[in-house]
Amino acid sequence: TKEQLLQLVQKARSYQLPVAVHAIGDLAFEYVLEAIEKCPAPVGRRDRLIHAQILRKELVERSKKLSVIYDIQPRFVASDFPWVLERVGNQTYDFLYAWKSLLAEGIALAGGSDAPIEPLDPLLGIHAAVTRTRPYDRNNEVFNPEQRLSMYEALSLFTKGSAFAENKESDYGTIEQGKRADFTIFNQDLFQIHPDQILDTKVAATIINENPVYINEEGPIGLAKKYS
């Protein structure tokens, strides 16, 4: 109930904690907003509104007054969109999986996968955000093409956006002086390839806090290391 939800938020606040709440439909989102409005996030922290897929403009405007970030799963637009349209019917929503429009509204977005329910691979989410299609769809059906993100915007969801969701944007999320060296190296430049090639991209290496935690032995870095 709304009362139980408010009690959970109040308990989090008693420990000076933000909350992270799954809210797919607009009514769920409205309930969460009401609770956060009554008990705002602690100073310097941000609440995560997870999914945020079906929204009315009025709810988006209300959220702008709060310290929140939308934690979205771009891949859902490819897997869910057709049957969601069947269920919402003729109802008109201002924001239906509308990541581009939300960015234009100034909403902070972070990208996720919804693992373990969905595959963890962020490249699937990046592909969906850029193309608005299903992976390897022979019909190449595009869902709301006007909501396609640029490659920079899509990558930012899983880098800058994720750090912002954790209140760690001063520590990592971008590669710049003074920040922790957390980054992934791919075997091809995502900014130079055709969007469909995103799905064929491989991780060459992963660095966390300056330490290599993964090197693909068959990738360019692994082979260079092997024969050096």
# chains A, B, ... in the order shown; residues from 1 in each chain; ligands from 1

$ residues_around --residues "segment 55-69 of chain A" --least-positions-apart "6" --cutoff "8 Å" --atoms "only C-alpha atoms" --output "ChimeraX atom specification"
/A:25-26,29-30,33,36-37,40-41,45-49,93-96,107-110,165

$ write_last_selection --atoms "N, CA and C atoms" --output "compact mmCIF listing (two decimals), in the first residue's frame"
# COMPACT_ATOMS: atom_id res chain seq x y z
N GLY A 25 4.97 1.43 -14.32
CA GLY A 25 3.80 2.16 -14.77
C GLY A 25 3.69 3.54 -14.14
N ASP A 26 2.81 4.38 -14.70
CA ASP A 26 2.71 5.75 -14.20
C ASP A 26 2.10 5.82 -12.81
N PHE A 29 4.85 4.97 -10.38
CA PHE A 29 5.75 6.12 -10.34
C PHE A 29 5.15 7.24 -9.48
N GLU A 30 3.85 7.45 -9.61
CA GLU A 30 3.17 8.49 -8.83
C GLU A 30 3.23 8.17 -7.34
N LEU A 33 6.74 8.91 -6.10
CA LEU A 33 6.94 10.36 -6.01
C LEU A 33 6.30 10.93 -4.75
N ILE A 36 8.45 10.16 -1.77
CA ILE A 36 9.71 10.93 -1.76
C ILE A 36 9.44 12.40 -1.48
N GLU A 37 8.31 12.91 -1.98
CA GLU A 37 7.97 14.30 -1.70
C GLU A 37 7.76 14.53 -0.22
N PRO A 40 12.01 13.68 1.48
CA PRO A 40 13.05 13.86 0.46
C PRO A 40 14.36 13.17 0.80
N ALA A 41 15.18 12.95 -0.21
CA ALA A 41 16.48 12.31 -0.03
C ALA A 41 17.38 13.17 0.87
N ARG A 45 22.48 13.26 -1.56
CA ARG A 45 22.18 11.92 -2.06
C ARG A 45 21.07 12.00 -3.09
N ARG A 46 20.93 10.94 -3.90
CA ARG A 46 19.89 10.90 -4.93
C ARG A 46 19.12 9.59 -4.86
N ASP A 47 17.82 9.68 -5.00
CA ASP A 47 16.98 8.49 -5.09
C ASP A 47 16.95 8.00 -6.53
N ARG A 48 16.86 6.68 -6.69
CA ARG A 48 16.81 6.08 -8.03
C ARG A 48 15.40 5.60 -8.31
N LEU A 49 14.81 6.11 -9.39
CA LEU A 49 13.51 5.66 -9.87
C LEU A 49 13.78 4.71 -11.03
N TYR A 93 0.27 8.59 -23.48
CA TYR A 93 1.27 8.92 -22.47
C TYR A 93 2.30 9.85 -23.09
N ASP A 94 2.72 10.82 -22.31
CA ASP A 94 3.68 11.79 -22.81
C ASP A 94 5.06 11.18 -22.99
N PHE A 95 5.38 10.20 -22.15
CA PHE A 95 6.71 9.59 -22.19
C PHE A 95 6.55 8.07 -22.12
N LEU A 96 6.67 7.42 -23.28
CA LEU A 96 6.56 5.97 -23.36
C LEU A 96 7.90 5.43 -23.85
N ILE A 107 16.27 15.54 -17.51
CA ILE A 107 16.25 14.46 -16.53
C ILE A 107 17.57 13.70 -16.58
N ALA A 108 18.15 13.44 -15.42
CA ALA A 108 19.37 12.64 -15.33
C ALA A 108 19.02 11.17 -15.49
N LEU A 109 19.71 10.49 -16.43
CA LEU A 109 19.44 9.08 -16.71
C LEU A 109 20.68 8.23 -16.47
N ALA A 110 20.47 7.06 -15.89
CA ALA A 110 21.51 6.05 -15.78
C ALA A 110 21.04 4.80 -16.51
N ALA A 165 24.33 8.21 -10.51
CA ALA A 165 23.34 7.49 -9.70
C ALA A 165 23.91 7.07 -8.35

$ select_by_dssp --residues "chain A" --states "strand (DSSP E)" --output "PyMOL selection string"
chain A and resi 20-23+47-51+54-55+68-72+95-96+109-111+183-186+203-208+211-215

$ residues_around --residues "segment 166-180 of chain A" --least-positions-apart "6" --cutoff "7 Å" --atoms "only C-alpha atoms" --output "NGL selection string"
:A and (45 or 159-160 or 209)

$ closest_atom_pairs --of "segment 104-199 of chain A" --to "segment 79-82 of chain A" --cutoff "9 Å" --atoms "only C-alpha atoms" --output "tab-separated table"
residue	atom	partner	partner_atom	distance
A:Thr133	CA	A:Ser79	CA	8.8
A:Arg134	CA	A:Ser79	CA	6.8
A:Phe143	CA	A:Phe81	CA	7.2

$ residues_around --residues "segment 115-132 of chain A" --least-positions-apart "6" --cutoff "9 Å" --atoms "only C-alpha atoms" --output "list of chain:residue names"
A:Gln73, A:Pro74, A:Arg75, A:Phe76, A:Val77, A:Ala78, A:Trp99, A:Glu141, A:Val142, A:Phe143, A:Asn144, A:Pro145, A:Gln147, A:Arg148, A:Leu149, A:Ser150, A:Met151, A:Glu153, A:Ala154, A:Leu155, A:Leu157, A:Phe158, A:Pro195, A:Asp196, A:Gln197, A:Ile198, A:Leu199, A:Thr201

$ select_by_dssp --residues "segment 148-204 of chain A" --states "helix (DSSP H, G or I)" --output "PDB file with all heavy atoms, in the first residue's frame"
ATOM      1  N   MET A 151      25.269   7.813 -30.044  1.00  0.00           N
ATOM      2  CA  MET A 151      26.207   6.899 -29.400  1.00  0.00           C
ATOM      3  C   MET A 151      26.757   7.517 -28.113  1.00  0.00           C
ATOM      4  O   MET A 151      26.905   6.833 -27.095  1.00  0.00           O
ATOM      5  CB  MET A 151      27.344   6.537 -30.355  1.00  0.00           C
ATOM      6  CG  MET A 151      28.368   5.583 -29.746  1.00  0.00           C
ATOM      7  SD  MET A 151      27.635   4.015 -29.188  1.00  0.00           S
ATOM      8  CE  MET A 151      27.219   3.295 -30.783  1.00  0.00           C
ATOM      9  N   TYR A 152      27.044   8.806 -28.143  1.00  0.00           N
ATOM     10  CA  TYR A 152      27.558   9.476 -26.947  1.00  0.00           C
ATOM     11  C   TYR A 152      26.534   9.418 -25.818  1.00  0.00           C
ATOM     12  O   TYR A 152      26.883   9.117 -24.661  1.00  0.00           O
ATOM     13  CB  TYR A 152      27.917  10.931 -27.259  1.00  0.00           C
ATOM     14  CG  TYR A 152      28.388  11.695 -26.044  1.00  0.00           C
ATOM     15  CD1 TYR A 152      29.706  11.581 -25.597  1.00  0.00           C
ATOM     16  CD2 TYR A 152      27.519  12.515 -25.332  1.00  0.00           C
ATOM     17  CE1 TYR A 152      30.136  12.268 -24.473  1.00  0.00           C
ATOM     18  CE2 TYR A 152      27.935  13.198 -24.205  1.00  0.00           C
ATOM     19  CZ  TYR A 152      29.247  13.072 -23.774  1.00  0.00           C
ATOM     20  OH  TYR A 152      29.659  13.749 -22.650  1.00  0.00           O
ATOM     21  N   GLU A 153      25.273   9.688 -26.132  1.00  0.00           N
ATOM     22  CA  GLU A 153      24.226   9.654 -25.108  1.00  0.00           C
ATOM     23  C   GLU A 153      24.058   8.243 -24.542  1.00  0.00           C
ATOM     24  O   GLU A 153      23.888   8.060 -23.328  1.00  0.00           O
ATOM     25  CB  GLU A 153      22.905  10.145 -25.693  1.00  0.00           C
ATOM     26  CG  GLU A 153      22.899  11.636 -26.001  1.00  0.00           C
ATOM     27  CD  GLU A 153      21.711  12.047 -26.847  1.00  0.00           C
ATOM     28  OE1 GLU A 153      21.158  11.199 -27.594  1.00  0.00           O
ATOM     29  OE2 GLU A 153      21.340  13.238 -26.777  1.00  0.00           O
ATOM     30  N   ALA A 154      24.106   7.243 -25.428  1.00  0.00           N
ATOM     31  CA  ALA A 154      23.928   5.860 -24.985  1.00  0.00           C
ATOM     32  C   ALA A 154      25.077   5.411 -24.087  1.00  0.00           C
ATOM     33  O   ALA A 154      24.869   4.791 -23.043  1.00  0.00           O
ATOM     34  CB  ALA A 154      23.802   4.934 -26.200  1.00  0.00           C
ATOM     35  N   LEU A 155      26.303   5.706 -24.490  1.00  0.00           N
ATOM     36  CA  LEU A 155      27.455   5.350 -23.665  1.00  0.00           C
ATOM     37  C   LEU A 155      27.432   6.096 -22.333  1.00  0.00           C
ATOM     38  O   LEU A 155      27.823   5.549 -21.295  1.00  0.00           O
ATOM     39  CB  LEU A 155      28.756   5.652 -24.408  1.00  0.00           C
ATOM     40  CG  LEU A 155      29.197   4.628 -25.443  1.00  0.00           C
ATOM     41  CD1 LEU A 155      30.361   5.172 -26.264  1.00  0.00           C
ATOM     42  CD2 LEU A 155      29.597   3.316 -24.787  1.00  0.00           C
ATOM     43  N   SER A 156      26.961   7.329 -22.359  1.00  0.00           N
ATOM     44  CA  SER A 156      26.910   8.121 -21.135  1.00  0.00           C
ATOM     45  C   SER A 156      25.979   7.503 -20.098  1.00  0.00           C
ATOM     46  O   SER A 156      26.205   7.643 -18.889  1.00  0.00           O
ATOM     47  CB  SER A 156      26.459   9.552 -21.449  1.00  0.00           C
ATOM     48  OG  SER A 156      27.426  10.238 -22.221  1.00  0.00           O
ATOM     49  N   LEU A 157      24.931   6.818 -20.556  1.00  0.00           N
ATOM     50  CA  LEU A 157      24.026   6.160 -19.616  1.00  0.00           C
ATOM     51  C   LEU A 157      24.780   5.203 -18.706  1.00  0.00           C
ATOM     52  O   LEU A 157      24.512   5.112 -17.493  1.00  0.00           O
ATOM     53  CB  LEU A 157      22.946   5.377 -20.371  1.00  0.00           C
ATOM     54  CG  LEU A 157      21.938   6.133 -21.222  1.00  0.00           C
ATOM     55  CD1 LEU A 157      21.019   5.135 -21.922  1.00  0.00           C
ATOM     56  CD2 LEU A 157      21.142   7.100 -20.380  1.00  0.00           C
ATOM     57  N   LYS A 160      28.875   7.933 -17.241  1.00  0.00           N
ATOM     58  CA  LYS A 160      28.571   9.114 -16.439  1.00  0.00           C
ATOM     59  C   LYS A 160      27.281   8.934 -15.640  1.00  0.00           C
ATOM     60  O   LYS A 160      27.200   9.315 -14.473  1.00  0.00           O
ATOM     61  CB  LYS A 160      28.454  10.349 -17.337  1.00  0.00           C
ATOM     62  CG  LYS A 160      29.735  10.768 -18.010  1.00  0.00           C
ATOM     63  CD  LYS A 160      29.660  12.195 -18.530  1.00  0.00           C
ATOM     64  CE  LYS A 160      28.586  12.379 -19.559  1.00  0.00           C
ATOM     65  NZ  LYS A 160      28.554  13.776 -20.080  1.00  0.00           N
ATOM     66  N   GLY A 161      26.267   8.379 -16.294  1.00  0.00           N
ATOM     67  CA  GLY A 161      24.978   8.211 -15.630  1.00  0.00           C
ATOM     68  C   GLY A 161      25.049   7.292 -14.432  1.00  0.00           C
ATOM     69  O   GLY A 161      24.474   7.577 -13.375  1.00  0.00           O
ATOM     70  N   SER A 162      25.762   6.187 -14.584  1.00  0.00           N
ATOM     71  CA  SER A 162      25.874   5.234 -13.476  1.00  0.00           C
ATOM     72  C   SER A 162      26.617   5.844 -12.295  1.00  0.00           C
ATOM     73  O   SER A 162      26.238   5.647 -11.138  1.00  0.00           O
ATOM     74  CB  SER A 162      26.593   3.967 -13.957  1.00  0.00           C
ATOM     75  OG  SER A 162      25.844   3.326 -14.966  1.00  0.00           O
ATOM     76  N   ALA A 163      27.685   6.578 -12.585  1.00  0.00           N
ATOM     77  CA  ALA A 163      28.430   7.238 -11.513  1.00  0.00           C
ATOM     78  C   ALA A 163      27.564   8.272 -10.809  1.00  0.00           C
ATOM     79  O   ALA A 163      27.594   8.404  -9.578  1.00  0.00           O
ATOM     80  CB  ALA A 163      29.691   7.890 -12.082  1.00  0.00           C
ATOM     81  N   PHE A 164      26.758   9.009 -11.590  1.00  0.00           N
ATOM     82  CA  PHE A 164      25.875  10.018 -11.017  1.00  0.00           C
ATOM     83  C   PHE A 164      24.831   9.371 -10.108  1.00  0.00           C
ATOM     84  O   PHE A 164      24.491   9.912  -9.051  1.00  0.00           O
ATOM     85  CB  PHE A 164      25.196  10.789 -12.146  1.00  0.00           C
ATOM     86  CG  PHE A 164      24.510  12.049 -11.713  1.00  0.00           C
ATOM     87  CD1 PHE A 164      25.241  13.181 -11.398  1.00  0.00           C
ATOM     88  CD2 PHE A 164      23.126  12.107 -11.631  1.00  0.00           C
ATOM     89  CE1 PHE A 164      24.610  14.356 -10.994  1.00  0.00           C
ATOM     90  CE2 PHE A 164      22.479  13.264 -11.234  1.00  0.00           C
ATOM     91  CZ  PHE A 164      23.221  14.400 -10.908  1.00  0.00           C
ATOM     92  N   ALA A 165      24.330   8.207 -10.509  1.00  0.00           N
ATOM     93  CA  ALA A 165      23.341   7.493  -9.698  1.00  0.00           C
ATOM     94  C   ALA A 165      23.914   7.072  -8.349  1.00  0.00           C
ATOM     95  O   ALA A 165      23.187   6.970  -7.358  1.00  0.00           O
ATOM     96  CB  ALA A 165      22.837   6.263 -10.460  1.00  0.00           C
ATOM     97  N   PRO A 195      25.788   0.837 -36.294  1.00  0.00           N
ATOM     98  CA  PRO A 195      25.148   0.440 -35.038  1.00  0.00           C
ATOM     99  C   PRO A 195      24.933  -1.059 -34.876  1.00  0.00           C
ATOM    100  O   PRO A 195      25.020  -1.585 -33.766  1.00  0.00           O
ATOM    101  CB  PRO A 195      23.812   1.198 -35.081  1.00  0.00           C
ATOM    102  CG  PRO A 195      24.113   2.423 -35.879  1.00  0.00           C
ATOM    103  CD  PRO A 195      25.084   1.973 -36.929  1.00  0.00           C
ATOM    104  N   ASP A 196      24.638  -1.763 -35.975  1.00  0.00           N
ATOM    105  CA  ASP A 196      24.430  -3.205 -35.854  1.00  0.00           C
ATOM    106  C   ASP A 196      25.697  -3.948 -35.440  1.00  0.00           C
ATOM    107  O   ASP A 196      25.632  -5.070 -34.928  1.00  0.00           O
ATOM    108  CB  ASP A 196      23.909  -3.777 -37.175  1.00  0.00           C
ATOM    109  CG  ASP A 196      22.445  -3.435 -37.416  1.00  0.00           C
ATOM    110  OD1 ASP A 196      21.756  -3.082 -36.437  1.00  0.00           O
ATOM    111  OD2 ASP A 196      21.998  -3.502 -38.579  1.00  0.00           O
ATOM    112  N   GLN A 197      26.864  -3.350 -35.674  1.00  0.00           N
ATOM    113  CA  GLN A 197      28.124  -3.978 -35.290  1.00  0.00           C
ATOM    114  C   GLN A 197      28.379  -3.887 -33.786  1.00  0.00           C
ATOM    115  O   GLN A 197      29.298  -4.540 -33.281  1.00  0.00           O
ATOM    116  CB  GLN A 197      29.287  -3.335 -36.050  1.00  0.00           C
ATOM    117  CG  GLN A 197      29.286  -3.611 -37.542  1.00  0.00           C
ATOM    118  CD  GLN A 197      30.442  -2.924 -38.242  1.00  0.00           C
ATOM    119  OE1 GLN A 197      30.362  -1.750 -38.628  1.00  0.00           O
ATOM    120  NE2 GLN A 197      31.535  -3.643 -38.399  1.00  0.00           N
ATOM    121  N   ILE A 198      27.570  -3.109 -33.089  1.00  0.00           N
ATOM    122  CA  ILE A 198      27.707  -3.040 -31.626  1.00  0.00           C
ATOM    123  C   ILE A 198      27.570  -4.428 -31.029  1.00  0.00           C
ATOM    124  O   ILE A 198      28.287  -4.801 -30.086  1.00  0.00           O
ATOM    125  CB  ILE A 198      26.637  -2.102 -31.028  1.00  0.00           C
ATOM    126  CG1 ILE A 198      26.818  -0.675 -31.540  1.00  0.00           C
ATOM    127  CG2 ILE A 198      26.676  -2.128 -29.503  1.00  0.00           C
ATOM    128  CD1 ILE A 198      25.658   0.257 -31.174  1.00  0.00           C
ATOM    129  N   LEU A 199      26.652  -5.221 -31.579  1.00  0.00           N
ATOM    130  CA  LEU A 199      26.382  -6.556 -31.027  1.00  0.00           C
ATOM    131  C   LEU A 199      27.546  -7.510 -31.228  1.00  0.00           C
ATOM    132  O   LEU A 199      27.647  -8.531 -30.542  1.00  0.00           O
ATOM    133  CB  LEU A 199      25.121  -7.130 -31.670  1.00  0.00           C
ATOM    134  CG  LEU A 199      23.832  -6.322 -31.429  1.00  0.00           C
ATOM    135  CD1 LEU A 199      22.699  -6.884 -32.264  1.00  0.00           C
ATOM    136  CD2 LEU A 199      23.472  -6.322 -29.953  1.00  0.00           C
ATOM    137  N   ASP A 200      28.440  -7.211 -32.171  1.00  0.00           N
ATOM    138  CA  ASP A 200      29.600  -8.065 -32.430  1.00  0.00           C
ATOM    139  C   ASP A 200      30.855  -7.566 -31.720  1.00  0.00           C
ATOM    140  O   ASP A 200      31.927  -8.158 -31.859  1.00  0.00           O
ATOM    141  CB  ASP A 200      29.867  -8.139 -33.937  1.00  0.00           C
ATOM    142  CG  ASP A 200      28.665  -8.679 -34.700  1.00  0.00           C
ATOM    143  OD1 ASP A 200      28.013  -9.608 -34.183  1.00  0.00           O
ATOM    144  OD2 ASP A 200      28.361  -8.166 -35.789  1.00  0.00           O
TER     145      ASP A 200
END

$ closest_residue --among "A:Ala23, A:Ala104, A:Val203, A:Ala35" --to "Val9 of chain A" --atoms "only C-alpha atoms"
A:Ala35

$ residues_around --residues "Lys38 of chain A" --least-positions-apart "6" --cutoff "12 Å" --atoms "only C-alpha atoms" --output "PDB file with N, CA, C and O atoms, in the first residue's frame"
ATOM      1  N   LYS A   2       0.234   2.391  -0.263  1.00  0.00           N
ATOM      2  CA  LYS A   2       0.990   3.643  -0.227  1.00  0.00           C
ATOM      3  C   LYS A   2       1.549   3.906   1.168  1.00  0.00           C
ATOM      4  O   LYS A   2       2.646   4.448   1.320  1.00  0.00           O
ATOM      5  N   GLU A   3       0.791   3.513   2.184  1.00  0.00           N
ATOM      6  CA  GLU A   3       1.251   3.718   3.557  1.00  0.00           C
ATOM      7  C   GLU A   3       2.491   2.883   3.850  1.00  0.00           C
ATOM      8  O   GLU A   3       3.447   3.350   4.496  1.00  0.00           O
ATOM      9  N   LEU A   5       4.642   1.797   1.636  1.00  0.00           N
ATOM     10  CA  LEU A   5       5.738   2.359   0.862  1.00  0.00           C
ATOM     11  C   LEU A   5       6.332   3.559   1.593  1.00  0.00           C
ATOM     12  O   LEU A   5       7.561   3.697   1.703  1.00  0.00           O
ATOM     13  N   LEU A   6       5.483   4.431   2.108  1.00  0.00           N
ATOM     14  CA  LEU A   6       5.961   5.601   2.843  1.00  0.00           C
ATOM     15  C   LEU A   6       6.763   5.180   4.072  1.00  0.00           C
ATOM     16  O   LEU A   6       7.802   5.777   4.375  1.00  0.00           O
ATOM     17  N   GLN A   7       6.318   4.147   4.762  1.00  0.00           N
ATOM     18  CA  GLN A   7       7.039   3.669   5.944  1.00  0.00           C
ATOM     19  C   GLN A   7       8.439   3.177   5.582  1.00  0.00           C
ATOM     20  O   GLN A   7       9.402   3.414   6.316  1.00  0.00           O
ATOM     21  N   VAL A   9      10.260   4.195   3.009  1.00  0.00           N
ATOM     22  CA  VAL A   9      11.069   5.373   2.695  1.00  0.00           C
ATOM     23  C   VAL A   9      11.473   6.080   3.984  1.00  0.00           C
ATOM     24  O   VAL A   9      12.630   6.503   4.138  1.00  0.00           O
ATOM     25  N   GLN A  10      10.558   6.202   4.915  1.00  0.00           N
ATOM     26  CA  GLN A  10      10.874   6.833   6.195  1.00  0.00           C
ATOM     27  C   GLN A  10      11.972   6.066   6.929  1.00  0.00           C
ATOM     28  O   GLN A  10      12.859   6.667   7.551  1.00  0.00           O
ATOM     29  N   ARG A  13      15.272   6.909   5.407  1.00  0.00           N
ATOM     30  CA  ARG A  13      15.700   8.255   5.809  1.00  0.00           C
ATOM     31  C   ARG A  13      16.223   8.265   7.243  1.00  0.00           C
ATOM     32  O   ARG A  13      17.111   9.073   7.571  1.00  0.00           O
ATOM     33  N   TYR A  31       3.015   6.917  -6.978  1.00  0.00           N
ATOM     34  CA  TYR A  31       3.079   6.525  -5.567  1.00  0.00           C
ATOM     35  C   TYR A  31       4.472   6.777  -4.989  1.00  0.00           C
ATOM     36  O   TYR A  31       4.619   7.261  -3.867  1.00  0.00           O
ATOM     37  N   VAL A  32       5.499   6.420  -5.756  1.00  0.00           N
ATOM     38  CA  VAL A  32       6.873   6.619  -5.289  1.00  0.00           C
ATOM     39  C   VAL A  32       7.168   8.109  -5.127  1.00  0.00           C
ATOM     40  O   VAL A  32       7.768   8.536  -4.132  1.00  0.00           O
ATOM     41  N   LEU A  66      12.847  17.204  -7.194  1.00  0.00           N
ATOM     42  CA  LEU A  66      13.415  16.271  -6.219  1.00  0.00           C
ATOM     43  C   LEU A  66      14.822  15.860  -6.627  1.00  0.00           C
ATOM     44  O   LEU A  66      15.220  16.014  -7.778  1.00  0.00           O
TER      45      LEU A  66
END

$ decode --residues "segment 165-183 of chain A" --atoms "N, CA and C atoms" --output "compact mmCIF listing (two decimals), in the first residue's frame"
# COMPACT_ATOMS: atom_id res chain seq x y z
N ALA A 165 24.33 8.21 -10.51
CA ALA A 165 23.34 7.49 -9.70
C ALA A 165 23.91 7.07 -8.35
N GLU A 166 25.21 6.84 -8.31
CA GLU A 166 25.87 6.43 -7.08
C GLU A 166 26.41 7.60 -6.26
N ASN A 167 26.17 8.82 -6.75
CA ASN A 167 26.77 10.00 -6.13
C ASN A 167 28.29 9.94 -6.16
N LYS A 168 28.83 9.34 -7.22
CA LYS A 168 30.28 9.16 -7.34
C LYS A 168 30.83 9.84 -8.60
N GLU A 169 30.11 10.82 -9.12
CA GLU A 169 30.53 11.44 -10.37
C GLU A 169 31.85 12.18 -10.24
N SER A 170 32.27 12.51 -9.01
CA SER A 170 33.57 13.17 -8.82
C SER A 170 34.71 12.16 -8.78
N ASP A 171 34.35 10.86 -8.63
CA ASP A 171 35.37 9.81 -8.50
C ASP A 171 35.60 9.05 -9.79
N TYR A 172 34.55 8.79 -10.57
CA TYR A 172 34.68 8.05 -11.82
C TYR A 172 33.48 8.32 -12.70
N GLY A 173 33.40 7.65 -13.83
CA GLY A 173 32.32 7.88 -14.79
C GLY A 173 32.80 8.52 -16.06
N THR A 174 33.90 9.26 -15.98
CA THR A 174 34.57 9.83 -17.15
C THR A 174 36.07 9.64 -16.96
N ILE A 175 36.80 9.65 -18.07
CA ILE A 175 38.26 9.52 -18.01
C ILE A 175 38.86 10.92 -18.01
N GLU A 176 39.29 11.36 -16.86
CA GLU A 176 39.92 12.67 -16.75
C GLU A 176 40.81 12.73 -15.52
N GLN A 177 41.69 13.69 -15.52
CA GLN A 177 42.68 13.81 -14.46
C GLN A 177 42.00 13.95 -13.10
N GLY A 178 42.52 13.21 -12.13
CA GLY A 178 42.01 13.27 -10.78
C GLY A 178 40.95 12.25 -10.45
N LYS A 179 40.43 11.56 -11.48
CA LYS A 179 39.42 10.53 -11.24
C LYS A 179 40.04 9.15 -11.23
N ARG A 180 39.33 8.21 -10.62
CA ARG A 180 39.79 6.83 -10.56
C ARG A 180 39.78 6.21 -11.94
N ALA A 181 40.79 5.42 -12.24
CA ALA A 181 40.89 4.78 -13.56
C ALA A 181 40.00 3.55 -13.60
N ASP A 182 38.74 3.76 -13.96
CA ASP A 182 37.76 2.69 -14.18
C ASP A 182 37.29 2.81 -15.62
N PHE A 183 37.64 1.84 -16.47
CA PHE A 183 37.19 1.93 -17.86
C PHE A 183 37.27 0.57 -18.54
